[in-house]
Amino acid sequence: MQNNVEEMLNEYKDGFDKFRTILLESNKKFNLTAISDENEVQIKHFYDSVAPERFFKQGARVAEIGSGGGFPSVPLMIVRKDLKFTLIESTGKKCDYLKEVVESLGLHCEQVLNIRAEDGAKDPQLREKFDVVTARAVAKLNTLSEYCLPYVKVGGTFIAYKGDGEDITEAERAISILGGKIEEVYEYELPCGYGKRRVVIIKKVSATPLKYPRGNGKERKNPL
C-alpha cells in the first residue's frame, strides 16, 4: 500500500507542491496546521489523506465536515478527479483560503459553505444527500458521527480519519442511534516512523432521526 500512495503523490507532484506553498503561506495568517516542516506536511497531511482513497467510490458526491486546512479533501481532489466535493467550514477566513486553493489548483469542488456542521445538517438541500461524508481530526467518533451521519444518504458511507489512540467501540451506540453501522476499521502506518492511523468505515443503514444533530454544543458536551 505504501508504494501505491507514494506513486500517487509522485504522479501529482506539481499539484501537491503548489498546494503546500499555499498552505504554508496561508498558515502565517490563519491557524491551519501546527505542522510546518515540508517533509512532515508531505507525510502527516498528504500521505495520510490519500492512503484510504480506495474507500471513496467512483464518482461519489462527497461532503467534508470541518474542512479547516483542506484535509483530506484537497489531496483527494488532486488524485481523484472523479470525486465531487462540498466543503463545510464554520470559519469564514478558512473558507476564503479553501476557495483560493480550489481555484489555484483548478480542482473540481461543487461548493465551499461557510456554515456550522449542525446547521447544515438541518438544511434539506444537504441532509442525507451525499454518497460519502468524511472528516479528519475534528472530534471523538461519537460526537463526530452526530455531526456527519445526518449528511450521508441511506446506503452511503461515513469515512472518519482517526489516530490509533481512541476506543472506537465507545461510539458504537451513537453510530447505531444515528442510523449507521461500523463496516470496517482500516489501519495503516505512515512512513518514517510517524505513527499509525485508522479510518473507520461506517455504512448508513437507516435514516438519521430528525432530532439529530441536537445543536447548541450538545454533540460535544453530552455525546450520545
# chains A, B, ... in the order shown; residues from 1 in each chain; ligands from 1

call {"tool": "select_by_dssp", "arguments": {"residues": "stretch 65-212 of chain A", "states": "strand (DSSP E)", "output": "PyMOL selection string"}}
result
chain A and resi 65+84-89+109-114+130-136+152-162+180-189+196-204

call {"tool": "residues_around", "arguments": {"residues": "A:Gly195", "least_positions_apart": "5", "cutoff": "9 Å", "atoms": "only C-alpha atoms", "output": "PyMOL selection string"}}
result
chain A and resi 163-164+188-190

call {"tool": "residues_around", "arguments": {"residues": "A:Ala160", "least_positions_apart": "5", "cutoff": "6 Å", "atoms": "only C-alpha atoms", "output": "VMD selection string"}}
result
chain A and resid 134 to 135 199 to 200

call {"tool": "write_last_selection", "arguments": {"atoms": "N, CA, C and O atoms", "output": "short mmCIF file (atom, residue, chain, number, x, y, z; two decimals), in the first residue's frame"}}
result
data_model
loop_
_atom_site.label_atom_id
_atom_site.label_comp_id
_atom_site.auth_asym_id
_atom_site.auth_seq_id
_atom_site.Cartn_x
_atom_site.Cartn_y
_atom_site.Cartn_z
N THR A 134 -16.91 12.74 4.96
CA THR A 134 -15.63 12.47 5.62
C THR A 134 -15.26 13.61 6.55
O THR A 134 -15.75 14.74 6.41
N ALA A 135 -14.40 13.30 7.52
CA ALA A 135 -13.88 14.31 8.44
C ALA A 135 -12.58 13.75 9.03
O ALA A 135 -12.40 12.53 9.15
N VAL A 199 -8.81 4.57 9.57
CA VAL A 199 -10.06 5.16 9.10
C VAL A 199 -11.18 4.19 9.47
O VAL A 199 -11.04 2.97 9.33
N VAL A 200 -12.25 4.76 9.97
CA VAL A 200 -13.41 3.96 10.35
C VAL A 200 -14.44 4.12 9.25
O VAL A 200 -14.86 5.24 8.92
#

call {"tool": "closest_residue", "arguments": {"among": "A:Phe55, A:Tyr161, A:Phe30, A:Phe46", "to": "A:Gly15", "atoms": "only C-alpha atoms"}}
result
A:Phe46

call {"tool": "closest_residue", "arguments": {"among": "A:Met8, A:Met77, A:Val138, A:Ala121", "to": "A:Lys162", "atoms": "only C-alpha atoms"}}
result
A:Val138

call {"tool": "closest_residue", "arguments": {"among": "A:Gly66, A:Gly92, A:Gly120, A:Pro223", "to": "A:Glu170", "atoms": "only C-alpha atoms"}}
result
A:Pro223

call {"tool": "residues_around", "arguments": {"residues": "A:Ala34", "least_positions_apart": "2", "cutoff": "12 Å", "atoms": "only C-alpha atoms", "output": "list in words"}}
result
Leu23, Leu24, Asn27, Lys28, Phe30, Asn31, Leu32, Ser36, Asp37, Glu38, Glu40, Val41, Lys44, His45 and Gly69 of chain A

call {"tool": "atom_distance", "arguments": {"atom1": "atom CA of A:Tyr151", "atom2": "atom CA of A:Tyr97"}}
result
23.5 Å

call {"tool": "residues_around", "arguments": {"residues": "A:Glu128", "least_positions_apart": "4", "cutoff": "7 Å", "atoms": "only C-alpha atoms", "output": "list in words"}}
result
Pro150, Tyr151, Val152 and Lys153 of chain A

call {"tool": "write_last_selection", "arguments": {"atoms": "C-alpha atoms", "output": "PDB file, in the first residue's frame"}}
result
ATOM      1  CA  PRO A 150     -27.058  13.214   9.026  1.00  0.00           C
ATOM      2  CA  TYR A 151     -25.429  14.271   5.732  1.00  0.00           C
ATOM      3  CA  VAL A 152     -24.987  10.690   4.469  1.00  0.00           C
ATOM      4  CA  LYS A 153     -27.705   9.229   2.264  1.00  0.00           C
TER       5      LYS A 153
END

call {"tool": "residues_around", "arguments": {"residues": "A:Ser104", "least_positions_apart": "4", "cutoff": "9 Å", "atoms": "only C-alpha atoms", "output": "VMD selection string"}}
result
chain A and resid 18 to 19 22 99 to 100

call {"tool": "closest_residue", "arguments": {"among": "A:Ile159, A:Cys148, A:Ala171, A:Ile65", "to": "A:Glu184", "atoms": "only C-alpha atoms"}}
result
A:Ile159

call {"tool": "residues_around", "arguments": {"residues": "A:Val205", "least_positions_apart": "6", "cutoff": "12 Å", "atoms": "only C-alpha atoms", "output": "PyMOL selection string"}}
result
chain A and resi 128+149-150+152-158+175-183

call {"tool": "closest_atom_pairs", "arguments": {"of": "stretch 120-209 of chain A", "to": "stretch 217-222 of chain A", "cutoff": "10 Å", "atoms": "only C-alpha atoms", "output": "JSON lines"}}
result
{"residue": "A:Ala139", "atom": "CA", "partner": "A:Arg220", "partner_atom": "CA", "distance": 8.0}
{"residue": "A:Lys140", "atom": "CA", "partner": "A:Arg220", "partner_atom": "CA", "distance": 8.5}
{"residue": "A:Asn142", "atom": "CA", "partner": "A:Glu219", "partner_atom": "CA", "distance": 8.3}
{"residue": "A:Thr143", "atom": "CA", "partner": "A:Glu219", "partner_atom": "CA", "distance": 5.2}
{"residue": "A:Leu144", "atom": "CA", "partner": "A:Glu219", "partner_atom": "CA", "distance": 8.0}
{"residue": "A:Ser145", "atom": "CA", "partner": "A:Glu219", "partner_atom": "CA", "distance": 9.2}
{"residue": "A:Glu146", "atom": "CA", "partner": "A:Glu219", "partner_atom": "CA", "distance": 6.6}
{"residue": "A:Tyr147", "atom": "CA", "partner": "A:Glu219", "partner_atom": "CA", "distance": 7.6}

call {"tool": "closest_residue", "arguments": {"among": "A:Ala63, A:Ile78, A:Leu126, A:Val185", "to": "A:Asp17", "atoms": "only C-alpha atoms"}}
result
A:Ile78
